[in-house]
Amino acid sequence: MTSAFTDSFSDYTRQLAATATRANRLALENAESMFGVQLKTLEKNITATSGFFGEIVQSQEPGTLLPKGAQLARDNLARWASAHQEVVGLGLKASEAFSELARQPFAGAAGTGRR
(Lines give C-alpha, C1' and ligand atoms only; values in the text may rest on other atoms or scores of the structure.)
Protein backbone atom coordinates (compact mmCIF):
# COMPACT_ATOMS: atom_id res chain seq x y z
CA MET A 1 0.00 0.00 0.00
CA THR A 2 2.83 2.37 0.80
CA SER A 3 4.44 1.54 -2.52
CA ALA A 4 1.26 2.47 -4.42
CA PHE A 5 1.06 5.79 -2.57
CA THR A 6 4.74 6.50 -3.20
CA ASP A 7 4.42 5.66 -6.89
CA SER A 8 1.33 7.83 -7.24
CA PHE A 9 3.00 10.69 -5.37
CA SER A 10 6.11 10.35 -7.56
CA ASP A 11 3.98 10.46 -10.71
CA TYR A 12 2.22 13.62 -9.57
CA THR A 13 5.50 15.21 -8.56
CA ARG A 14 7.07 14.36 -11.92
CA GLN A 15 4.05 15.77 -13.73
CA LEU A 16 4.16 18.96 -11.65
CA ALA A 17 7.87 19.41 -12.34
CA ALA A 18 7.36 18.88 -16.08
CA THR A 19 4.48 21.37 -16.14
CA ALA A 20 6.50 23.93 -14.17
CA THR A 21 9.41 23.51 -16.59
CA ARG A 22 7.12 24.05 -19.59
CA ALA A 23 5.57 27.11 -17.92
CA ASN A 24 9.01 28.60 -17.23
CA ARG A 25 10.11 27.96 -20.82
CA LEU A 26 6.91 29.56 -22.12
CA ALA A 27 7.37 32.59 -19.87
CA LEU A 28 10.97 33.08 -21.00
CA GLU A 29 10.08 32.71 -24.68
CA ASN A 30 7.26 35.21 -24.27
CA ALA A 31 9.48 37.71 -22.45
CA GLU A 32 12.11 37.32 -25.17
CA SER A 33 9.55 37.96 -27.90
CA MET A 34 8.15 41.01 -26.13
CA PHE A 35 11.60 42.41 -25.49
CA GLY A 36 12.56 41.83 -29.13
CA VAL A 37 9.55 43.76 -30.40
CA GLN A 38 10.26 46.68 -28.09
CA LEU A 39 13.96 46.67 -28.90
CA LYS A 40 13.32 46.74 -32.67
CA THR A 41 10.92 49.65 -32.21
CA LEU A 42 13.42 51.52 -30.06
CA GLU A 43 16.11 50.93 -32.68
CA LYS A 44 13.89 52.29 -35.48
CA ASN A 45 12.95 55.35 -33.43
CA ILE A 46 16.55 56.09 -32.47
CA THR A 47 17.69 55.73 -36.08
CA ALA A 48 14.98 58.07 -37.32
CA THR A 49 15.60 60.61 -34.57
CA SER A 50 19.38 60.52 -35.08
CA GLY A 51 18.90 61.17 -38.78
CA PHE A 52 16.68 64.13 -37.99
CA PHE A 53 19.23 65.55 -35.53
CA GLY A 54 21.86 65.18 -38.24
CA GLU A 55 19.68 67.24 -40.57
CA ILE A 56 19.25 69.90 -37.88
CA VAL A 57 23.00 70.15 -37.38
CA GLN A 58 23.68 70.45 -41.12
CA SER A 59 20.79 72.82 -41.83
CA GLN A 60 21.36 76.52 -42.28
CA GLU A 61 17.89 77.25 -40.88
CA PRO A 62 16.87 74.63 -38.31
CA GLY A 63 13.52 76.39 -37.79
CA THR A 64 12.35 75.23 -41.21
CA LEU A 65 12.59 71.61 -40.05
CA LEU A 66 9.84 72.00 -37.45
CA PRO A 67 7.14 70.28 -39.56
CA LYS A 68 9.50 67.41 -40.23
CA GLY A 69 10.22 67.13 -36.51
CA ALA A 70 6.50 67.00 -35.74
CA GLN A 71 6.06 64.26 -38.35
CA LEU A 72 8.97 62.35 -36.82
CA ALA A 73 7.33 62.55 -33.39
CA ARG A 74 4.04 61.25 -34.84
CA ASP A 75 5.85 58.41 -36.62
CA ASN A 76 7.73 57.47 -33.45
CA LEU A 77 4.50 57.43 -31.45
CA ALA A 78 2.80 55.34 -34.13
CA ARG A 79 5.65 52.82 -34.00
CA TRP A 80 5.39 52.63 -30.20
CA ALA A 81 1.62 52.17 -30.39
CA SER A 82 2.02 49.40 -32.95
CA ALA A 83 4.68 47.71 -30.82
CA HIS A 84 2.44 48.00 -27.77
CA GLN A 85 -0.42 46.31 -29.63
CA GLU A 86 1.93 43.53 -30.73
CA VAL A 87 3.17 43.06 -27.15
CA VAL A 88 -0.41 42.87 -25.88
CA GLY A 89 -1.15 40.28 -28.57
CA LEU A 90 1.88 38.26 -27.50
CA GLY A 91 0.69 38.49 -23.90
CA LEU A 92 -2.75 37.20 -24.86
CA LYS A 93 -1.23 34.29 -26.77
CA ALA A 94 0.97 33.48 -23.78
CA SER A 95 -1.97 33.58 -21.38
CA GLU A 96 -3.87 31.20 -23.66
CA ALA A 97 -0.88 28.87 -23.68
CA PHE A 98 -0.64 29.07 -19.87
CA SER A 99 -4.32 28.28 -19.46
CA GLU A 100 -3.96 25.31 -21.82
CA LEU A 101 -0.95 24.16 -19.83
CA ALA A 102 -2.96 24.44 -16.61
CA ARG A 103 -5.85 22.46 -18.12
CA GLN A 104 -3.70 19.54 -19.33
CA PRO A 105 -3.30 17.75 -15.97
CA PHE A 106 -7.03 17.99 -15.34
CA ALA A 107 -7.89 16.72 -18.81
CA GLY A 108 -5.60 13.72 -18.26
CA ALA A 109 -7.08 13.03 -14.82
CA ALA A 110 -10.64 13.27 -16.15
CA GLY A 111 -9.83 10.80 -18.93
CA THR A 112 -8.43 8.22 -16.49
CA GLY A 113 -11.09 8.67 -13.85
CA ARG A 114 -8.68 10.22 -11.27
CA ARG A 115 -9.42 13.42 -9.42
# chains A, B, ... in the order shown; residues from 1 in each chain; ligands from 1
call {"tool": "residues_around", "arguments": {"residues": "A:Gln71", "least_positions_apart": "5", "cutoff": "12 Å", "atoms": "only C-alpha atoms", "output": "PDB file with N, CA, C and O atoms, in the first residue's frame"}}
result
ATOM      1  N   ALA A  48      15.703  56.966 -36.703  1.00  0.00           N
ATOM      2  CA  ALA A  48      14.980  58.072 -37.323  1.00  0.00           C
ATOM      3  C   ALA A  48      15.302  59.399 -36.635  1.00  0.00           C
ATOM      4  O   ALA A  48      15.531  60.418 -37.292  1.00  0.00           O
ATOM      5  N   THR A  49      15.331  59.388 -35.318  1.00  0.00           N
ATOM      6  CA  THR A  49      15.602  60.612 -34.566  1.00  0.00           C
ATOM      7  C   THR A  49      17.039  61.083 -34.782  1.00  0.00           C
ATOM      8  O   THR A  49      17.288  62.278 -34.935  1.00  0.00           O
ATOM      9  N   PHE A  52      17.280  62.794 -38.064  1.00  0.00           N
ATOM     10  CA  PHE A  52      16.685  64.131 -37.989  1.00  0.00           C
ATOM     11  C   PHE A  52      17.635  65.099 -37.298  1.00  0.00           C
ATOM     12  O   PHE A  52      17.802  66.240 -37.742  1.00  0.00           O
ATOM     13  N   LEU A  65      12.769  73.064 -40.205  1.00  0.00           N
ATOM     14  CA  LEU A  65      12.595  71.608 -40.051  1.00  0.00           C
ATOM     15  C   LEU A  65      11.527  71.251 -39.008  1.00  0.00           C
ATOM     16  O   LEU A  65      11.329  70.072 -38.719  1.00  0.00           O
ATOM     17  N   LEU A  66      10.845  72.259 -38.476  1.00  0.00           N
ATOM     18  CA  LEU A  66       9.841  72.003 -37.449  1.00  0.00           C
ATOM     19  C   LEU A  66       8.727  71.056 -37.920  1.00  0.00           C
ATOM     20  O   LEU A  66       8.383  70.117 -37.203  1.00  0.00           O
ATOM     21  N   ASN A  76       7.187  58.195 -34.596  1.00  0.00           N
ATOM     22  CA  ASN A  76       7.726  57.468 -33.448  1.00  0.00           C
ATOM     23  C   ASN A  76       6.609  56.975 -32.533  1.00  0.00           C
ATOM     24  O   ASN A  76       6.628  55.827 -32.073  1.00  0.00           O
ATOM     25  N   LEU A  77       5.625  57.837 -32.284  1.00  0.00           N
ATOM     26  CA  LEU A  77       4.496  57.433 -31.450  1.00  0.00           C
ATOM     27  C   LEU A  77       3.687  56.316 -32.108  1.00  0.00           C
ATOM     28  O   LEU A  77       3.225  55.397 -31.435  1.00  0.00           O
ATOM     29  N   ALA A  78       3.533  56.392 -33.416  1.00  0.00           N
ATOM     30  CA  ALA A  78       2.798  55.343 -34.130  1.00  0.00           C
ATOM     31  C   ALA A  78       3.541  54.008 -34.035  1.00  0.00           C
ATOM     32  O   ALA A  78       2.919  52.952 -33.855  1.00  0.00           O
TER      33      ALA A  78
END
call {"tool": "closest_residue", "arguments": {"among": "A:Ser33, A:Pro67, A:Gln104, A:Ser59", "to": "A:Val88", "atoms": "only C-alpha atoms"}}
result
A:Ser33
call {"tool": "atom_distance", "arguments": {"atom1": "atom CA of A:Phe98", "atom2": "atom CA of A:Phe5"}}
result
29.1 Å
call {"tool": "atom_distance", "arguments": {"atom1": "atom CA of A:Thr19", "atom2": "atom CA of A:Leu101"}}
result
7.1 Å
call {"tool": "closest_residue", "arguments": {"among": "A:Gly51, A:Arg22, A:Leu42, A:Met34", "to": "A:Gln85", "atoms": "only C-alpha atoms"}}
result
A:Met34
call {"tool": "closest_residue", "arguments": {"among": "A:Pro62, A:Arg79, A:Arg25, A:Ala20", "to": "A:Glu43", "atoms": "only C-alpha atoms"}}
result
A:Arg79
call {"tool": "atom_distance", "arguments": {"atom1": "atom CA of A:Ala81", "atom2": "atom CA of A:Phe35"}}
result
14.8 Å
